[in-house]
Amino acid sequence: MSLLKENYEIVLENIKKACEKSGRDPKEVTLIAVSKTKPVEMLNEVYEAGSRDFGENKVQEMCEKMEQLPSDIKWHMIGHLQTNKVKYIVGKCELIHSVDSLHLAKEIEKQAQKADVIVPILVEINIANEETKFGIDRSQAMELVKEIAKLPHVQIKGLMTIAPYVEDSEENRAYFHQIWQLSVDIKNENIHNVSMDILSMGMTGDYMVAIEEGSTMVRVGTGIFGERNYNIH
Ligand SMILES: *Cc1c(COP(=O)(O)O)cnc(C)c1O
């Protein structure tokens, strides 16, 4: 068995364990193979192992890979998105995880209207308030959701967060719980055009804890593809 297939299956097995531990159905959790910086040959291997969801953080890289890989792949934009790049991915990717401003949402609306599509998105929350990270502050999330909800071609499906890098994943449990709680609060507002079905949280270091706290999408890169080397890219 190939190493990547083995890695992929170990992650699936861990997802199952985390679901069992928290009384959840593994079918509620989607594994996104985060393939940024990795060559298409490696993506193909993980595709062969069964993955149909891949995550990329750069528009150009995602578009290049789309052209070279099977068309039944669901592409997830998980990185910070510049407004001038929106037009290249609207209608092409499954979900944009990283919407953190009304400005960006309005550009998605504009391009979606042009292409005559509805674009599913997640609102990215900056949970740990680290200055280097993108995402909107938790205290401003409700207001942003309500504004984006007015855009007819943009459909909010849930929330996304990137937790801090920690040695012990337990340190992030409270953050994941806060995001889950926020999604419940937003759901309870019954805002037209907004659902909170998706919680995109958990990466290689903390996806099991994230699942225990309600995650429905985990974004795993290193755990499947191995370490990334940015120097040779
Ligand atoms: C790179 C990246 C991941 C995957 O990180 P790993 O620690 O390698 O699993 C997940 N989410 C986002 C937004 C990323 O940029």
# chains A, B, ... in the order shown; residues from 1 in each chain; ligands from 1
$ select_by_dssp --residues "segment 25-209 of chain A" --states "strand (DSSP E)" --output "PyMOL selection string"
chain A and resi 30-34+53-56+74-77+95-99+119-126+136-137+154-161+194-200
$ closest_atom_pairs --of "chain A" --to "ligand 1" --cutoff "7 Å" --atoms "only C-alpha atoms and all ligand atoms" --output "Markdown table"
| residue | atom | partner | partner_atom_place_in_ligand_line | distance |
| --- | --- | --- | --- | --- |
| A:Val34 | CA | ligand 1 | 4 (C) | 5.5 |
| A:Lys36 | CA | ligand 1 | 1 (C) | 6.8 |
| A:Asn57 | CA | ligand 1 | 15 (O) | 5.9 |
| A:Ile78 | CA | ligand 1 | 13 (C) | 4.8 |
| A:Gly79 | CA | ligand 1 | 13 (C) | 5.4 |
| A:Ile162 | CA | ligand 1 | 13 (C) | 6.2 |
| A:Met203 | CA | ligand 1 | 9 (O) | 4.2 |
| A:Thr204 | CA | ligand 1 | 9 (O) | 3.7 |
| A:Gly205 | CA | ligand 1 | 7 (O) | 6.1 |
| A:Arg219 | CA | ligand 1 | 10 (C) | 4.6 |
| A:Val220 | CA | ligand 1 | 9 (O) | 3.7 |
| A:Gly221 | CA | ligand 1 | 8 (O) | 3.6 |
| A:Thr222 | CA | ligand 1 | 8 (O) | 3.7 |
| A:Gly223 | CA | ligand 1 | 9 (O) | 5.9 |
$ select_by_dssp --residues "chain A" --states "helix (DSSP H, G or I)" --output "ChimeraX atom specification"
/A:3-21,26-28,40-49,59-68,83-89,102-115,138-148,169-188,207-212,222-225
$ closest_residue --among "A:Asp100, A:Met208, A:Ile156, A:Val40" --to "Glu13 of chain A" --atoms "only C-alpha atoms"
A:Met208
$ atom_distance --atom1 "atom CA of His80 of chain A" --atom2 "atom CA of Ser98 of chain A"
5.9 Å
$ residues_around --residues "Gln155 of chain A" --least-positions-apart "2" --cutoff "8 Å" --atoms "only C-alpha atoms" --output "MDAnalysis selection string"
chainID A and resid 118:121 149 151:153 157 193:194
$ atom_distance --atom1 "atom CA of Cys93 of chain A" --atom2 "atom CA of Ser35 of chain A"
14.6 Å
$ closest_residue --among "A:Ala18, A:Leu144, A:Leu4, A:Val184" --to "Tyr207 of chain A" --atoms "only C-alpha atoms"
A:Ala18
$ closest_residue --among "A:Ile186, A:Leu12, A:Cys63, A:Ile148" --to "His76 of chain A" --atoms "only C-alpha atoms"
A:Cys63
$ atom_distance --atom1 "atom CA of Lys110 of chain A" --atom2 "atom CA of Lys92 of chain A"
15.3 Å
$ residues_around --residues "Ser2 of chain A" --least-positions-apart "2" --cutoff "12 Å" --atoms "only C-alpha atoms" --output "tab-separated table (two decimals) with all heavy atoms, in the first residue's frame"
chain	number	residue	atom	x	y	z
A	4	LEU	N	0.87	7.35	1.17
A	4	LEU	CA	-0.18	8.36	1.27
A	4	LEU	C	-1.55	7.71	1.53
A	4	LEU	O	-2.35	8.23	2.29
A	4	LEU	CB	-0.24	9.22	0.00
A	4	LEU	CG	1.00	10.06	-0.30
A	4	LEU	CD1	0.72	11.04	-1.42
A	4	LEU	CD2	1.51	10.79	0.93
A	5	LYS	N	-1.76	6.56	0.90
A	5	LYS	CA	-3.01	5.83	1.14
A	5	LYS	C	-3.08	5.40	2.60
A	5	LYS	O	-4.11	5.51	3.25
A	5	LYS	CB	-3.07	4.61	0.22
A	5	LYS	CG	-4.37	3.80	0.30
A	5	LYS	CD	-4.35	2.70	-0.75
A	5	LYS	CE	-5.35	1.59	-0.47
A	5	LYS	NZ	-6.75	1.93	-0.69
A	6	GLU	N	-1.94	4.95	3.10
A	6	GLU	CA	-1.86	4.53	4.49
A	6	GLU	C	-2.16	5.70	5.43
A	6	GLU	O	-2.96	5.58	6.35
A	6	GLU	CB	-0.44	4.00	4.75
A	6	GLU	CG	-0.32	3.04	5.90
A	6	GLU	CD	1.06	2.39	5.92
A	6	GLU	OE1	1.50	1.88	4.87
A	6	GLU	OE2	1.70	2.43	6.97
A	7	ASN	N	-1.53	6.84	5.15
A	7	ASN	CA	-1.78	8.05	5.96
A	7	ASN	C	-3.26	8.42	5.93
A	7	ASN	O	-3.86	8.73	6.96
A	7	ASN	CB	-0.98	9.24	5.41
A	7	ASN	CG	0.51	9.11	5.68
A	7	ASN	OD1	0.94	8.28	6.49
A	7	ASN	ND2	1.30	9.92	5.00
A	8	TYR	N	-3.80	8.42	4.72
A	8	TYR	CA	-5.20	8.82	4.53
A	8	TYR	C	-6.12	7.90	5.36
A	8	TYR	O	-7.04	8.37	6.03
A	8	TYR	CB	-5.54	8.73	3.04
A	8	TYR	CG	-6.97	9.04	2.69
A	8	TYR	CD1	-7.46	10.35	2.78
A	8	TYR	CD2	-7.84	8.04	2.26
A	8	TYR	CE1	-8.78	10.64	2.45
A	8	TYR	CE2	-9.15	8.32	1.92
A	8	TYR	CZ	-9.62	9.62	2.02
A	8	TYR	OH	-10.93	9.90	1.69
A	9	GLU	N	-5.83	6.62	5.34
A	9	GLU	CA	-6.68	5.67	6.07
A	9	GLU	C	-6.52	5.80	7.58
A	9	GLU	O	-7.48	5.60	8.32
A	9	GLU	CB	-6.42	4.25	5.57
A	9	GLU	CG	-7.00	4.13	4.17
A	9	GLU	CD	-6.92	2.74	3.56
A	9	GLU	OE1	-6.31	1.85	4.18
A	9	GLU	OE2	-7.48	2.58	2.46
A	42	MET	N	0.92	13.42	-6.20
A	42	MET	CA	0.56	13.06	-4.83
A	42	MET	C	-0.95	13.18	-4.61
A	42	MET	O	-1.56	12.36	-3.94
A	42	MET	CB	1.33	13.92	-3.83
A	42	MET	CG	2.82	13.57	-3.77
A	42	MET	SD	3.75	14.64	-2.63
A	42	MET	CE	3.38	13.85	-1.05
A	44	ASN	N	-3.15	12.73	-6.88
A	44	ASN	CA	-3.71	11.57	-7.57
A	44	ASN	C	-3.70	10.32	-6.69
A	44	ASN	O	-4.65	9.55	-6.68
A	44	ASN	CB	-2.92	11.28	-8.85
A	44	ASN	CG	-3.78	11.49	-10.08
A	44	ASN	OD1	-4.99	11.21	-10.05
A	44	ASN	ND2	-3.19	11.99	-11.14
A	45	GLU	N	-2.62	10.17	-5.94
A	45	GLU	CA	-2.52	9.01	-5.05
A	45	GLU	C	-3.61	9.05	-3.98
A	45	GLU	O	-4.21	8.02	-3.65
A	45	GLU	CB	-1.16	9.04	-4.35
A	45	GLU	CG	-0.19	7.98	-4.85
A	45	GLU	CD	1.10	7.99	-4.04
A	45	GLU	OE1	1.14	7.37	-2.95
A	45	GLU	OE2	2.05	8.62	-4.52
A	46	VAL	N	-3.84	10.24	-3.45
A	46	VAL	CA	-4.85	10.37	-2.39
A	46	VAL	C	-6.26	10.25	-2.98
A	46	VAL	O	-7.18	9.72	-2.36
A	46	VAL	CB	-4.65	11.70	-1.62
A	46	VAL	CG1	-5.73	11.91	-0.58
A	46	VAL	CG2	-3.27	11.69	-0.93
A	48	GLU	N	-6.90	8.29	-5.53
A	48	GLU	CA	-7.02	6.84	-5.70
A	48	GLU	C	-7.38	6.15	-4.39
A	48	GLU	O	-8.09	5.15	-4.36
A	48	GLU	CB	-5.73	6.24	-6.25
A	48	GLU	CG	-5.40	6.62	-7.69
A	48	GLU	CD	-6.43	6.10	-8.69
A	48	GLU	OE1	-7.01	5.04	-8.42
A	48	GLU	OE2	-6.66	6.77	-9.72
A	49	ALA	N	-6.88	6.71	-3.29
A	49	ALA	CA	-7.18	6.14	-1.97
A	49	ALA	C	-8.63	6.41	-1.57
A	49	ALA	O	-9.15	5.80	-0.64
A	49	ALA	CB	-6.24	6.72	-0.92
A	224	ILE	N	-1.61	13.77	6.03
A	224	ILE	CA	-1.80	12.92	4.85
A	224	ILE	C	-0.58	12.99	3.92
A	224	ILE	O	-0.03	11.98	3.51
A	224	ILE	CB	-3.06	13.34	4.06
A	224	ILE	CG1	-4.32	13.12	4.91
A	224	ILE	CG2	-3.15	12.56	2.74
A	224	ILE	CD1	-5.60	13.67	4.29
A	225	PHE	N	-0.14	14.22	3.62
A	225	PHE	CA	0.90	14.41	2.59
A	225	PHE	C	2.31	14.52	3.15
A	225	PHE	O	3.27	14.56	2.41
A	225	PHE	CB	0.60	15.69	1.80
A	225	PHE	CG	-0.63	15.61	0.93
A	225	PHE	CD1	-1.85	16.12	1.37
A	225	PHE	CD2	-0.58	15.01	-0.32
A	225	PHE	CE1	-2.99	16.04	0.58
A	225	PHE	CE2	-1.70	14.93	-1.13
A	225	PHE	CZ	-2.91	15.46	-0.68
$ closest_residue --among "A:Gln113, A:Ser101, A:Thr161, A:Ser139" --to "Ile127 of chain A" --atoms "only C-alpha atoms"
A:Thr161
$ decode --residues "segment 67-91 of chain A" --atoms "N, CA, C and O atoms" --output "tab-separated table (two decimals), in the first residue's frame"
chain	number	residue	atom	x	y	z
A	67	GLU	N	-7.28	21.60	-13.50
A	67	GLU	CA	-7.19	21.22	-14.91
A	67	GLU	C	-6.55	19.86	-15.11
A	67	GLU	O	-6.78	19.20	-16.11
A	68	GLN	N	-5.71	19.46	-14.15
A	68	GLN	CA	-4.95	18.22	-14.33
A	68	GLN	C	-5.54	17.01	-13.60
A	68	GLN	O	-5.03	15.91	-13.75
A	69	LEU	N	-6.57	17.25	-12.82
A	69	LEU	CA	-7.09	16.15	-12.00
A	69	LEU	C	-8.57	15.86	-12.33
A	69	LEU	O	-9.22	16.66	-12.98
A	70	PRO	N	-9.07	14.70	-11.92
A	70	PRO	CA	-10.44	14.31	-12.26
A	70	PRO	C	-11.48	15.36	-11.87
A	70	PRO	O	-11.33	16.07	-10.88
A	71	SER	N	-12.52	15.43	-12.67
A	71	SER	CA	-13.51	16.51	-12.51
A	71	SER	C	-14.49	16.27	-11.37
A	71	SER	O	-15.28	17.15	-11.04
A	72	ASP	N	-14.47	15.07	-10.78
A	72	ASP	CA	-15.39	14.85	-9.66
A	72	ASP	C	-14.80	15.26	-8.31
A	72	ASP	O	-15.39	15.04	-7.25
A	73	ILE	N	-13.64	15.92	-8.36
A	73	ILE	CA	-13.05	16.42	-7.11
A	73	ILE	C	-13.78	17.69	-6.67
A	73	ILE	O	-14.11	18.55	-7.49
A	74	LYS	N	-14.04	17.78	-5.39
A	74	LYS	CA	-14.61	18.99	-4.80
A	74	LYS	C	-13.45	19.82	-4.24
A	74	LYS	O	-12.73	19.36	-3.36
A	75	TRP	N	-13.31	21.03	-4.76
A	75	TRP	CA	-12.19	21.89	-4.36
A	75	TRP	C	-12.64	22.88	-3.30
A	75	TRP	O	-13.66	23.56	-3.45
A	76	HIS	N	-11.84	22.98	-2.25
A	76	HIS	CA	-12.14	23.90	-1.16
A	76	HIS	C	-11.09	25.00	-1.10
A	76	HIS	O	-9.90	24.71	-0.97
A	77	MET	N	-11.53	26.25	-1.19
A	77	MET	CA	-10.61	27.37	-1.03
A	77	MET	C	-10.51	27.67	0.47
A	77	MET	O	-11.48	28.11	1.08
A	78	ILE	N	-9.35	27.40	1.04
A	78	ILE	CA	-9.23	27.55	2.49
A	78	ILE	C	-8.30	28.71	2.88
A	78	ILE	O	-8.18	29.03	4.05
A	79	GLY	N	-7.65	29.32	1.89
A	79	GLY	CA	-6.70	30.38	2.21
A	79	GLY	C	-7.30	31.77	2.06
A	79	GLY	O	-8.39	31.93	1.51
A	80	HIS	N	-6.57	32.75	2.55
A	80	HIS	CA	-7.01	34.14	2.42
A	80	HIS	C	-7.22	34.47	0.94
A	80	HIS	O	-6.38	34.18	0.11
A	81	LEU	N	-8.37	35.06	0.64
A	81	LEU	CA	-8.75	35.30	-0.75
A	81	LEU	C	-8.75	36.80	-1.05
A	81	LEU	O	-9.43	37.57	-0.39
A	82	GLN	N	-7.97	37.17	-2.07
A	82	GLN	CA	-7.96	38.57	-2.48
A	82	GLN	C	-9.12	38.82	-3.43
A	82	GLN	O	-9.45	37.96	-4.25
A	83	THR	N	-9.72	40.00	-3.35
A	83	THR	CA	-10.92	40.27	-4.16
A	83	THR	C	-10.64	40.15	-5.67
A	83	THR	O	-11.50	39.69	-6.40
A	84	ASN	N	-9.43	40.52	-6.10
A	84	ASN	CA	-9.16	40.45	-7.54
A	84	ASN	C	-9.00	39.03	-8.07
A	84	ASN	O	-8.91	38.81	-9.27
A	85	LYS	N	-9.01	38.05	-7.17
A	85	LYS	CA	-8.88	36.64	-7.59
A	85	LYS	C	-10.22	35.90	-7.57
A	85	LYS	O	-10.32	34.78	-8.03
A	86	VAL	N	-11.21	36.54	-7.00
A	86	VAL	CA	-12.51	35.87	-6.81
A	86	VAL	C	-13.07	35.34	-8.13
A	86	VAL	O	-13.59	34.23	-8.20
A	87	LYS	N	-12.93	36.13	-9.19
A	87	LYS	CA	-13.52	35.75	-10.48
A	87	LYS	C	-13.00	34.41	-11.03
A	87	LYS	O	-13.68	33.75	-11.79
A	88	TYR	N	-11.80	34.03	-10.62
A	88	TYR	CA	-11.24	32.78	-11.13
A	88	TYR	C	-11.80	31.52	-10.49
A	88	TYR	O	-11.66	30.43	-11.02
A	89	ILE	N	-12.40	31.66	-9.33
A	89	ILE	CA	-12.87	30.44	-8.65
A	89	ILE	C	-14.40	30.34	-8.49
A	89	ILE	O	-14.92	29.28	-8.19
A	90	VAL	N	-15.09	31.47	-8.70
A	90	VAL	CA	-16.55	31.43	-8.55
A	90	VAL	C	-17.16	30.41	-9.52
A	90	VAL	O	-16.84	30.41	-10.70
A	91	GLY	N	-17.97	29.53	-9.00
A	91	GLY	CA	-18.60	28.50	-9.83
A	91	GLY	C	-17.73	27.27	-10.02
A	91	GLY	O	-18.15	26.28	-10.58
